[in-house]
>>> print(open('my_file.pdb').read())   # PDB, C-alpha atoms
MODEL        1
ATOM      1  CA  MET J   1      40.503   1.462   0.517
ATOM      2  CA  ILE J   2      39.739  -1.188  -2.102
ATOM      3  CA  LYS J   3      36.092  -1.092  -0.958
ATOM      4  CA  ARG J   4      35.945   2.674  -1.598
ATOM      5  CA  LEU J   5      37.525   2.225  -5.021
ATOM      6  CA  LEU J   6      35.026  -0.508  -5.941
ATOM      7  CA  ILE J   7      32.098   1.697  -4.911
ATOM      8  CA  ILE J   8      33.380   4.522  -7.133
ATOM      9  CA  VAL J   9      33.870   2.107 -10.052
ATOM     10  CA  VAL J  10      30.312   0.790  -9.647
ATOM     11  CA  ILE J  11      28.894   4.329  -9.564
ATOM     12  CA  ILE J  12      30.799   5.266 -12.744
ATOM     13  CA  LEU J  13      29.558   2.092 -14.462
ATOM     14  CA  LEU J  14      25.973   2.906 -13.490
ATOM     15  CA  ILE J  15      26.372   6.419 -14.922
ATOM     16  CA  VAL J  16      27.739   4.944 -18.181
ATOM     17  CA  ILE J  17      24.780   2.556 -18.354
ATOM     18  CA  PHE J  18      22.035   5.064 -17.609
ATOM     19  CA  LEU J  19      23.366   8.162 -19.405
ATOM     20  CA  PRO J  20      22.199   7.009 -22.877
ATOM     21  CA  PHE J  21      18.652   6.637 -21.537
ATOM     22  CA  MET J  22      18.729  10.246 -20.355
ATOM     23  CA  LYS J  23      20.219  11.555 -23.598
ATOM     24  CA  ASN J  24      17.961   9.695 -25.988
ATOM     25  CA  VAL J  25      14.715  10.309 -24.157
ATOM     26  CA  ILE J  26      11.961  11.580 -26.466
ATOM     27  CA  LEU J  27       9.019  13.309 -24.860
ATOM     28  CA  LYS J  28       5.881  12.521 -26.809
ATOM     29  CA  ASP J  29       2.930  14.863 -27.127
ATOM     30  CA  SER J  30       0.483  12.183 -28.211
ATOM     31  CA  LEU J  31      -0.441   8.764 -26.863
ATOM     32  CA  ASN J  32       0.829   5.727 -28.687
ATOM     33  CA  GLU J  33      -1.501   3.140 -30.172
ATOM     34  CA  LEU J  34      -1.784   0.943 -27.082
ATOM     35  CA  SER J  35      -2.414   3.739 -24.573
ATOM     36  CA  SER J  36      -4.922   5.548 -26.779
ATOM     37  CA  GLY J  37      -6.718   2.218 -27.146
ATOM     38  CA  TYR J  38      -6.872   1.927 -23.341
ATOM     39  CA  VAL J  39      -8.116   5.504 -22.968
ATOM     40  CA  GLU J  40     -10.867   5.145 -25.573
ATOM     41  CA  LYS J  41     -11.977   1.650 -24.594
ATOM     42  CA  SER J  42     -12.172   2.347 -20.858
ATOM     43  CA  VAL J  43     -14.721   5.093 -21.505
ATOM     44  CA  SER J  44     -16.652   3.684 -24.456
ATOM     45  CA  ASP J  45     -16.511  -0.050 -23.726
ATOM     46  CA  LEU J  46     -16.370  -0.246 -19.946
ATOM     47  CA  LYS J  47     -17.937   3.069 -18.868
ATOM     48  CA  THR J  48     -15.170   3.507 -16.281
ATOM     49  CA  ALA J  49     -14.527   7.182 -15.510
ATOM     50  CA  ASN J  50     -11.150   6.493 -13.862
ATOM     51  CA  ILE J  51      -8.971   5.073 -16.622
ATOM     52  CA  VAL J  52      -6.318   3.828 -14.184
ATOM     53  CA  THR J  53      -8.899   1.567 -12.569
ATOM     54  CA  ALA J  54      -9.990   0.237 -15.964
ATOM     55  CA  VAL J  55      -6.396  -0.695 -16.745
ATOM     56  CA  VAL J  56      -5.652  -2.171 -13.303
ATOM     57  CA  VAL J  57      -8.840  -4.207 -12.882
ATOM     58  CA  THR J  58      -9.687  -5.164 -16.455
ATOM     59  CA  PHE J  59      -6.999  -4.796 -19.094
ATOM     60  CA  ARG J  60      -4.235  -5.816 -16.686
ATOM     61  CA  GLY J  61      -6.481  -7.781 -14.338
ATOM     62  CA  LEU J  62      -4.255 -10.829 -14.246
ATOM     63  CA  ASP J  63      -1.339  -8.695 -12.970
ATOM     64  CA  THR J  64      -3.563  -7.405 -10.176
ATOM     65  CA  LEU J  65      -4.453 -10.970  -9.224
ATOM     66  CA  GLY J  66      -0.709 -11.666  -9.101
ATOM     67  CA  GLU J  67      -0.123  -8.621  -6.881
ATOM     68  CA  VAL J  68      -2.844  -9.730  -4.479
ATOM     69  CA  THR J  69      -1.241 -13.182  -4.385
ATOM     70  CA  VAL J  70       2.172 -11.654  -3.608
ATOM     71  CA  LEU J  71       0.654  -9.663  -0.762
ATOM     72  CA  PHE J  72      -1.063 -12.803   0.545
ATOM     73  CA  ILE J  73       2.215 -14.749   0.518
ATOM     74  CA  ALA J  74       3.997 -11.874   2.284
ATOM     75  CA  THR J  75       1.322 -11.823   4.988
ATOM     76  CA  ALA J  76       1.514 -15.584   5.393
ATOM     77  CA  GLY J  77       5.310 -15.305   5.728
ATOM     78  CA  VAL J  78       5.109 -12.604   8.393
ATOM     79  CA  GLY J  79       2.465 -14.577  10.270
ATOM     80  CA  LEU J  80       4.573 -17.723  10.126
ATOM     81  CA  LEU J  81       7.811 -16.045  11.263
ATOM     82  CA  LEU J  82       6.235 -14.063  14.072
ATOM     83  CA  LYS J  83       4.004 -16.840  15.321
ATOM     84  CA  ARG J  84       2.894 -16.347  18.868
ATOM     85  CA  LYS J  85       3.888 -19.230  21.064
ATOM     86  CA  LYS J  86       0.894 -20.763  22.755
ATOM     87  CA  GLY J  87       0.894 -20.986  26.524
ATOM     88  CA  GLU J  88       3.521 -18.281  26.794
ATOM     89  CA  LYS J  89       0.971 -15.681  27.792
ATOM     90  CA  SER J  90       2.262 -12.146  27.921
ATOM     91  CA  LYS J  91       3.732 -11.409  31.309
ATOM     92  CA  LYS J  92       2.191  -8.090  32.167
ATOM     93  CA  SER J  93       4.581  -5.808  30.361
ATOM     94  CA  ASP J  94       5.570  -2.362  31.518
ATOM     95  CA  LYS J  95       3.636  -0.719  28.706
ATOM     96  CA  ARG J  96       2.087   2.580  29.566
ATOM     97  CA  PRO J  97      -1.468   3.272  28.338
ATOM     98  CA  ALA J  98      -1.731   5.790  25.506
ATOM     99  CA  SER J  99      -2.154   9.444  26.372
ATOM    100  CA  GLU J 100      -5.580  11.035  26.722
ATOM    101  CA  ILE J 101      -5.120  13.047  23.523
ATOM    102  CA  LEU J 102      -4.304   9.966  21.443
ATOM    103  CA  GLN J 103      -7.192   7.969  22.920
ATOM    104  CA  THR J 104      -9.780  10.691  22.310
ATOM    105  CA  GLY J 105      -8.437  11.495  18.855
ATOM    106  CA  ALA J 106      -8.327   7.839  17.839
ATOM    107  CA  SER J 107     -11.884   7.116  18.999
ATOM    108  CA  PHE J 108     -13.054  10.148  17.002
ATOM    109  CA  LEU J 109     -10.995   9.416  13.880
ATOM    110  CA  PHE J 110     -11.400   5.622  13.706
ATOM    111  CA  PRO J 111     -14.952   5.491  12.242
ATOM    112  CA  LEU J 112     -14.215   8.381   9.884
ATOM    113  CA  THR J 113     -11.068   6.697   8.578
ATOM    114  CA  ILE J 114     -12.913   3.407   8.010
ATOM    115  CA  LEU J 115     -15.652   5.313   6.172
ATOM    116  CA  PHE J 116     -13.053   7.096   4.034
ATOM    117  CA  GLY J 117     -11.355   3.808   3.151
ATOM    118  CA  VAL J 118     -14.663   2.242   2.130
ATOM    119  CA  TYR J 119     -15.469   5.347   0.071
ATOM    120  CA  ILE J 120     -12.102   5.129  -1.692
ATOM    121  CA  PHE J 121     -12.576   1.545  -2.837
ATOM    122  CA  LEU J 122     -16.289   1.845  -3.634
ATOM    123  CA  HIS J 123     -15.594   4.874  -5.832
ATOM    124  CA  GLY J 124     -12.462   3.369  -7.367
ATOM    125  CA  HIS J 125     -14.001   3.448 -10.834
ATOM    126  CA  LEU J 126     -14.989   7.128 -10.535
ATOM    127  CA  THR J 127     -12.296   8.950  -8.557
ATOM    128  CA  PRO J 128      -8.568   8.310  -7.957
ATOM    129  CA  GLY J 129      -7.843   5.414  -5.665
ATOM    130  CA  GLY J 130      -9.226   1.924  -5.463
ATOM    131  CA  GLY J 131      -8.936  -1.366  -3.674
ATOM    132  CA  PHE J 132      -5.286  -1.157  -2.678
ATOM    133  CA  GLN J 133      -5.440   2.438  -1.464
ATOM    134  CA  GLY J 134      -8.746   1.933   0.353
ATOM    135  CA  GLY J 135      -7.461  -1.242   1.973
ATOM    136  CA  VAL J 136      -4.339   0.514   3.253
ATOM    137  CA  ILE J 137      -6.455   3.357   4.674
ATOM    138  CA  ILE J 138      -8.626   0.816   6.524
ATOM    139  CA  ALA J 139      -5.493  -0.867   7.868
ATOM    140  CA  SER J 140      -4.199   2.508   9.079
ATOM    141  CA  ALA J 141      -7.495   3.041  10.924
ATOM    142  CA  PHE J 142      -6.893  -0.247  12.742
ATOM    143  CA  LEU J 143      -3.318   0.887  13.389
ATOM    144  CA  LEU J 144      -4.726   3.956  15.152
ATOM    145  CA  LEU J 145      -6.852   1.652  17.300
ATOM    146  CA  LEU J 146      -3.823  -0.548  18.090
ATOM    147  CA  LEU J 147      -1.746   2.474  19.111
ATOM    148  CA  SER J 148      -4.408   4.078  21.278
ATOM    149  CA  ASN J 149      -5.663   0.964  23.047
ATOM    150  CA  ILE J 150      -2.896  -1.349  24.275
ATOM    151  CA  ASN J 151      -5.334  -4.101  25.246
ATOM    152  CA  PHE J 152      -7.085  -4.183  21.871
ATOM    153  CA  GLN J 153      -7.218  -7.644  20.311
ATOM    154  CA  PHE J 154      -8.282  -8.456  16.780
ATOM    155  CA  ASN J 155     -10.979 -11.058  16.308
ATOM    156  CA  HIS J 156      -8.845 -13.433  14.282
ATOM    157  CA  THR J 157     -11.746 -15.601  13.105
ATOM    158  CA  VAL J 158     -13.474 -12.615  11.491
ATOM    159  CA  LEU J 159     -10.197 -11.338  10.016
ATOM    160  CA  HIS J 160      -9.324 -14.689   8.444
ATOM    161  CA  TRP J 161     -12.828 -15.237   7.066
ATOM    162  CA  VAL J 162     -12.979 -11.752   5.533
ATOM    163  CA  GLU J 163      -9.583 -12.284   3.926
ATOM    164  CA  SER J 164     -10.282 -15.761   2.558
ATOM    165  CA  LEU J 165     -13.818 -15.040   1.371
ATOM    166  CA  SER J 166     -12.905 -11.793  -0.400
ATOM    167  CA  GLY J 167      -9.992 -13.496  -2.158
ATOM    168  CA  ALA J 168     -12.208 -16.412  -3.196
ATOM    169  CA  PHE J 169     -14.982 -14.105  -4.449
ATOM    170  CA  TYR J 170     -12.450 -12.084  -6.450
ATOM    171  CA  VAL J 171     -11.343 -15.217  -8.310
ATOM    172  CA  LEU J 172     -14.991 -16.344  -8.627
ATOM    173  CA  LEU J 173     -15.937 -13.041 -10.296
ATOM    174  CA  GLY J 174     -13.040 -13.549 -12.688
ATOM    175  CA  LEU J 175     -14.235 -17.079 -13.458
ATOM    176  CA  LEU J 176     -17.783 -15.791 -13.951
ATOM    177  CA  GLY J 177     -16.413 -13.505 -16.674
ATOM    178  CA  LEU J 178     -14.639 -16.497 -18.179
ATOM    179  CA  ILE J 179     -17.789 -18.636 -18.198
ATOM    180  CA  LEU J 180     -20.297 -15.995 -19.330
ATOM    181  CA  LEU J 181     -18.198 -13.916 -21.725
ATOM    182  CA  GLY J 182     -15.210 -16.082 -22.551
ATOM    183  CA  SER J 183     -12.390 -14.055 -20.973
ATOM    184  CA  PHE J 184     -10.998 -14.145 -17.437
ATOM    185  CA  LEU J 185     -11.795 -11.091 -15.248
ATOM    186  CA  ASN J 186     -14.126  -9.614 -17.856
ATOM    187  CA  PRO J 187     -16.423  -7.320 -15.830
ATOM    188  CA  LYS J 188     -19.048  -6.810 -18.527
ATOM    189  CA  PHE J 189     -21.416  -9.561 -17.323
ATOM    190  CA  LEU J 190     -23.136  -7.006 -15.073
ATOM    191  CA  PRO J 191     -25.024  -4.048 -16.627
ATOM    192  CA  LEU J 192     -22.598  -1.256 -17.523
ATOM    193  CA  GLY J 193     -24.878   1.636 -16.536
ATOM    194  CA  THR J 194     -24.091   5.236 -17.384
ATOM    195  CA  LEU J 195     -20.628   6.751 -17.178
ATOM    196  CA  GLY J 196     -19.911   8.467 -13.877
ATOM    197  CA  THR J 197     -22.566   6.920 -11.639
ATOM    198  CA  LEU J 198     -21.852   4.644  -8.681
ATOM    199  CA  PHE J 199     -23.531   1.611 -10.257
ATOM    200  CA  SER J 200     -21.598   1.584 -13.499
ATOM    201  CA  ALA J 201     -18.639  -0.162 -15.103
ATOM    202  CA  GLY J 202     -20.106  -3.656 -14.697
ATOM    203  CA  ALA J 203     -18.359  -5.715 -12.021
ATOM    204  CA  VAL J 204     -15.391  -3.333 -11.602
ATOM    205  CA  PRO J 205     -16.619  -1.782  -8.299
ATOM    206  CA  LEU J 206     -17.443  -5.252  -6.947
ATOM    207  CA  ILE J 207     -14.000  -6.613  -7.841
ATOM    208  CA  TYR J 208     -12.277  -3.562  -6.370
ATOM    209  CA  SER J 209     -14.325  -3.819  -3.173
ATOM    210  CA  PHE J 210     -13.203  -7.412  -2.695
ATOM    211  CA  ILE J 211      -9.594  -6.371  -3.346
ATOM    212  CA  GLY J 212     -10.020  -3.560  -0.807
ATOM    213  CA  LEU J 213     -11.385  -5.898   1.876
ATOM    214  CA  LYS J 214      -8.622  -8.412   1.195
ATOM    215  CA  VAL J 215      -5.802  -5.846   1.300
ATOM    216  CA  GLY J 216      -7.257  -4.200   4.411
ATOM    217  CA  SER J 217      -7.559  -7.447   6.352
ATOM    218  CA  GLU J 218      -4.125  -8.661   5.214
ATOM    219  CA  LEU J 219      -2.339  -5.479   6.261
ATOM    220  CA  SER J 220      -4.208  -5.411   9.593
ATOM    221  CA  ASN J 221      -3.024  -8.977  10.059
ATOM    222  CA  ILE J 222       0.607  -7.937   9.406
ATOM    223  CA  LEU J 223       0.300  -5.081  11.916
ATOM    224  CA  ASP J 224      -1.255  -7.406  14.467
ATOM    225  CA  SER J 225       1.454 -10.030  14.140
ATOM    226  CA  MET J 226       4.181  -7.371  14.323
ATOM    227  CA  ARG J 227       2.651  -6.016  17.512
ATOM    228  CA  GLY J 228       1.581  -9.334  18.985
ATOM    229  CA  ALA J 229       5.090 -10.695  18.723
ATOM    230  CA  GLU J 230       6.273  -7.746  20.736
ATOM    231  CA  GLU J 231       4.571  -8.867  23.925
TER     232      GLU J 231
ATOM    233  CA  MET N   1       7.805  27.554 -11.017
ATOM    234  CA  ILE N   2       6.537  23.954 -10.678
ATOM    235  CA  THR N   3       9.866  22.689 -12.001
ATOM    236  CA  VAL N   4      11.779  24.612  -9.319
ATOM    237  CA  PHE N   5       9.470  23.150  -6.664
ATOM    238  CA  ILE N   6      10.046  19.621  -7.952
ATOM    239  CA  ILE N   7      13.827  20.177  -7.999
ATOM    240  CA  ILE N   8      13.765  21.444  -4.394
ATOM    241  CA  LEU N   9      11.716  18.410  -3.333
ATOM    242  CA  GLY N  10      14.158  16.137  -5.165
ATOM    243  CA  ILE N  11      17.157  17.686  -3.415
ATOM    244  CA  ILE N  12      15.479  17.225  -0.014
ATOM    245  CA  MET N  13      14.717  13.615  -0.956
ATOM    246  CA  ILE N  14      18.361  12.938  -1.851
ATOM    247  CA  LEU N  15      19.506  14.528   1.422
ATOM    248  CA  ALA N  16      17.005  12.426   3.386
ATOM    249  CA  ALA N  17      18.228   9.314   1.591
ATOM    250  CA  ILE N  18      21.851  10.118   2.510
ATOM    251  CA  ILE N  19      20.793  10.693   6.139
ATOM    252  CA  ALA N  20      18.893   7.392   6.123
ATOM    253  CA  VAL N  21      21.965   5.497   4.947
ATOM    254  CA  MET N  22      24.622   7.320   6.972
ATOM    255  CA  SER N  23      22.810   7.867  10.269
ATOM    256  CA  LYS N  24      24.015   5.804  13.228
ATOM    257  CA  ASN N  25      20.662   6.238  14.966
ATOM    258  CA  LEU N  26      18.156   3.757  13.521
ATOM    259  CA  LEU N  27      15.153   5.873  14.543
ATOM    260  CA  THR N  28      16.488   8.800  12.487
ATOM    261  CA  ALA N  29      17.047   6.467   9.541
ATOM    262  CA  ILE N  30      13.455   5.154   9.686
ATOM    263  CA  ILE N  31      11.923   8.624   9.939
ATOM    264  CA  SER N  32      14.001   9.992   7.072
ATOM    265  CA  SER N  33      13.059   7.074   4.819
ATOM    266  CA  GLY N  34       9.432   7.902   5.627
ATOM    267  CA  VAL N  35      10.117  11.513   4.621
ATOM    268  CA  ILE N  36      11.401  10.311   1.232
ATOM    269  CA  SER N  37       8.106   8.525   0.540
ATOM    270  CA  LEU N  38       6.043  11.509   1.663
ATOM    271  CA  LEU N  39       7.925  13.877  -0.669
ATOM    272  CA  ALA N  40       7.731  11.330  -3.502
ATOM    273  CA  SER N  41       3.960  11.243  -3.091
ATOM    274  CA  ILE N  42       3.833  15.062  -3.380
ATOM    275  CA  ILE N  43       5.839  14.829  -6.608
ATOM    276  CA  TYR N  44       3.470  12.169  -7.977
ATOM    277  CA  LEU N  45       0.555  14.479  -7.167
ATOM    278  CA  ILE N  46       2.209  17.368  -9.042
ATOM    279  CA  LEU N  47       2.840  15.064 -12.017
ATOM    280  CA  SER N  48      -0.944  14.339 -11.961
ATOM    281  CA  ALA N  49      -0.781  10.717 -10.812
ATOM    282  CA  PRO N  50      -3.113  10.834  -7.779
ATOM    283  CA  ASP N  51      -3.554   7.045  -7.690
ATOM    284  CA  VAL N  52       0.164   6.443  -7.252
ATOM    285  CA  ALA N  53       0.431   9.366  -4.836
ATOM    286  CA  MET N  54      -2.211   7.836  -2.552
ATOM    287  CA  THR N  55      -0.499   4.464  -2.537
ATOM    288  CA  GLU N  56       2.900   5.993  -1.862
ATOM    289  CA  ALA N  57       1.624   8.202   0.973
ATOM    290  CA  ALA N  58      -0.373   5.447   2.655
ATOM    291  CA  ILE N  59       2.037   2.533   2.252
ATOM    292  CA  GLY N  60       5.443   4.207   1.902
ATOM    293  CA  SER N  61       5.269   6.831   4.582
ATOM    294  CA  GLY N  62       2.499   5.369   6.738
ATOM    295  CA  LEU N  63       2.487   1.629   7.128
ATOM    296  CA  THR N  64       6.128   0.882   6.241
ATOM    297  CA  THR N  65       7.404   3.361   8.820
ATOM    298  CA  ILE N  66       5.180   1.833  11.497
ATOM    299  CA  VAL N  67       6.227  -1.717  10.617
ATOM    300  CA  PHE N  68       9.895  -0.646  10.814
ATOM    301  CA  LEU N  69       9.251   1.007  14.193
ATOM    302  CA  TYR N  70       7.604  -2.143  15.516
ATOM    303  CA  ALA N  71      10.571  -4.168  14.281
ATOM    304  CA  LEU N  72      13.007  -1.722  15.909
ATOM    305  CA  SER N  73      11.262  -1.908  19.288
ATOM    306  CA  ARG N  74      11.291  -5.715  18.993
ATOM    307  CA  ILE N  75      15.034  -5.736  18.315
ATOM    308  CA  LYS N  76      15.649  -3.420  21.269
ATOM    309  CA  LYS N  77      13.602  -5.712  23.503
ATOM    310  CA  ILE N  78      15.568  -8.801  22.416
ATOM    311  CA  ASN N  79      18.882  -6.974  22.985
ATOM    312  CA  LYS N  80      17.704  -6.019  26.469
ATOM    313  CA  GLU N  81      16.794  -9.626  27.293
ATOM    314  CA  ILE N  82      20.228 -10.790  26.121
ATOM    315  CA  ASP N  83      21.862  -8.138  28.311
ATOM    316  CA  ASP N  84      19.777  -9.188  31.322
ATOM    317  CA  ASP N  85      20.743 -12.868  31.072
TER     318      ASP N  85
ENDMDL
END
>>> encode(input="my_file.pdb", output="structure tokens")
Amino acid sequence: MIKRLLIIVVIILLIVIFLPFMKNVILKDSLNELSSGYVEKSVSDLKTANIVTAVVVTFRGLDTLGEVTVLFIATAGVGLLLKRKKGEKSKKSDKRPASEILQTGASFLFPLTILFGVYIFLHGHLTPGGGFQGGVIIASAFLLLLLSNINFQFNHTVLHWVESLSGAFYVLLGLLGLILLGSFLNPKFLPLGTLGTLFSAGAVPLIYSFIGLKVGSELSNILDSMRGAEE
Amino acid sequence: MITVFIIILGIIMILAAIIAVMSKNLLTAIISSGVISLLASIIYLILSAPDVAMTEAAIGSGLTTIVFLYALSRIKKINKEIDDD
């Protein structure tokens, strides 16, 4: 009874707190100074057609580095908690193999999904999407493989090297901007090219590709440790 | 017209959230929380934020649901082992 009463009190308090925000909201027709600066600079200075990417990779690049670090720590935590005990080899479990439809569909869709993921992060500076989205799509392709083939094992050496190297190269590219141009994660040390072509926007596509590889390998690692612990 | 569509999607999202919290069956709860993310990604797309919509669809309704399902099957397995002993 008291629990119910407390819940109602909390809900009423939340309404009291958030109602002023709803009442006083002002919808603006024009961009404010900061956002119009972003919009103009991403096209004129960086030649990045997708403004979101310009903000994520360049103007707020340090935040993105932080996000990648958070994801890395989360993966490390999952891997640590669900560590497979050595020697305790999986006693042949009663898992059924996947159905014919899933196997055929997965073998058809797997290369296409990988290709789509790579396309998403390579074209991050031109079309919606980027490293994070492309990486997740690649991880979902590997998920399809895991679901359709119960005996599939990741090559952990390759996975770890891809993850570590792409993370290291991401930071190296940032440092290269610091050394050559004087600001961390400045992508303008490569030729900017023309707006809207694949080889444009300086180092932005390179940085986003490394982020994509890192996110993809990290999420595949999470999926693998979730599944591997199951056996 | 678009506003009505968004309101309908929002109502379905709230219902799915209530189901996810109230449901006794964990599988139902996981699926309905995946539905919330899927509908949220449609709303982001309507509000012309395709970048966010992609992330929400891929992570929220795709990977998170699968990770929860793996965790659920793991819990069930552990419970079974405890029962067997």
>>> interface_residues(input="my_file.pdb", of="chain J", to="chain N", cutoff="7 Å", atoms="all atoms listed in the file", output="PyMOL selection string")
chain J and resi 128-129+133+136-137+223+226-227+230
>>> residues_around(input="my_file.pdb", residues="Val78 (chain J)", least_positions_apart="4", cutoff="12 Å", atoms="all atoms listed in the file", output="tab-separated table (two decimals) with C-alpha atoms, keeping the file's coordinate frame")
chain	number	residue	atom	x	y	z
J	71	LEU	CA	0.65	-9.66	-0.76
J	72	PHE	CA	-1.06	-12.80	0.55
J	73	ILE	CA	2.22	-14.75	0.52
J	74	ALA	CA	4.00	-11.87	2.28
J	82	LEU	CA	6.24	-14.06	14.07
J	83	LYS	CA	4.00	-16.84	15.32
J	84	ARG	CA	2.89	-16.35	18.87
J	218	GLU	CA	-4.12	-8.66	5.21
J	219	LEU	CA	-2.34	-5.48	6.26
J	220	SER	CA	-4.21	-5.41	9.59
J	221	ASN	CA	-3.02	-8.98	10.06
J	222	ILE	CA	0.61	-7.94	9.41
J	223	LEU	CA	0.30	-5.08	11.92
J	224	ASP	CA	-1.25	-7.41	14.47
J	225	SER	CA	1.45	-10.03	14.14
J	226	MET	CA	4.18	-7.37	14.32
J	227	ARG	CA	2.65	-6.02	17.51
J	228	GLY	CA	1.58	-9.33	18.98
J	229	ALA	CA	5.09	-10.70	18.72
N	67	VAL	CA	6.23	-1.72	10.62
N	71	ALA	CA	10.57	-4.17	14.28
>>> residues_around(input="my_file.pdb", residues="Ser217 (chain J)", least_positions_apart="6", cutoff="8 Å", atoms="all atoms listed in the file", output="PyMOL selection string")
chain J and resi 135+139+159-160+162-163
>>> atom_distance(input="my_file.pdb", atom1="CA of Ile138 (chain J)", atom2="CA of Leu109 (chain J)")
11.6 Å
>>> closest_residue(input="my_file.pdb", among="J:Leu31, J:Ala106, J:Leu195, J:Leu122", to="Ser44 (chain J)", atoms="all atoms listed in the file")
J:Leu195
>>> resolve_selection(input="my_file.pdb", expression="the PyMOL selection byres ((chain N and resi 33) around 9)", output="PDB file with C-alpha atoms, in the frame of the given file")
ATOM      1  CA  MET N  13      14.717  13.615  -0.956  1.00  0.00           C
ATOM      2  CA  ALA N  16      17.005  12.426   3.386  1.00  0.00           C
ATOM      3  CA  ALA N  17      18.228   9.314   1.591  1.00  0.00           C
ATOM      4  CA  ILE N  19      20.793  10.693   6.139  1.00  0.00           C
ATOM      5  CA  ALA N  20      18.893   7.392   6.123  1.00  0.00           C
ATOM      6  CA  THR N  28      16.488   8.800  12.487  1.00  0.00           C
ATOM      7  CA  ALA N  29      17.047   6.467   9.541  1.00  0.00           C
ATOM      8  CA  ILE N  30      13.455   5.154   9.686  1.00  0.00           C
ATOM      9  CA  ILE N  31      11.923   8.624   9.939  1.00  0.00           C
ATOM     10  CA  SER N  32      14.001   9.992   7.072  1.00  0.00           C
ATOM     11  CA  GLY N  34       9.432   7.902   5.627  1.00  0.00           C
ATOM     12  CA  VAL N  35      10.117  11.513   4.621  1.00  0.00           C
ATOM     13  CA  ILE N  36      11.401  10.311   1.232  1.00  0.00           C
ATOM     14  CA  SER N  37       8.106   8.525   0.540  1.00  0.00           C
ATOM     15  CA  LEU N  38       6.043  11.509   1.663  1.00  0.00           C
ATOM     16  CA  GLY N  60       5.443   4.207   1.902  1.00  0.00           C
ATOM     17  CA  SER N  61       5.269   6.831   4.582  1.00  0.00           C
ATOM     18  CA  THR N  65       7.404   3.361   8.820  1.00  0.00           C
TER      19      THR N  65
END
>>> closest_residue(input="my_file.pdb", among="J:Gly167, J:Asn149, J:Leu178, J:Val9", to="Glu100 (chain J)", atoms="all atoms listed in the file")
J:Asn149
>>> atom_distance(input="my_file.pdb", atom1="CA of Leu173 (chain J)", atom2="CA of Ala76 (chain J)")
23.6 Å
>>> atom_distance(input="my_file.pdb", atom1="CA of Ser183 (chain J)", atom2="CA of Thr58 (chain J)")
10.3 Å
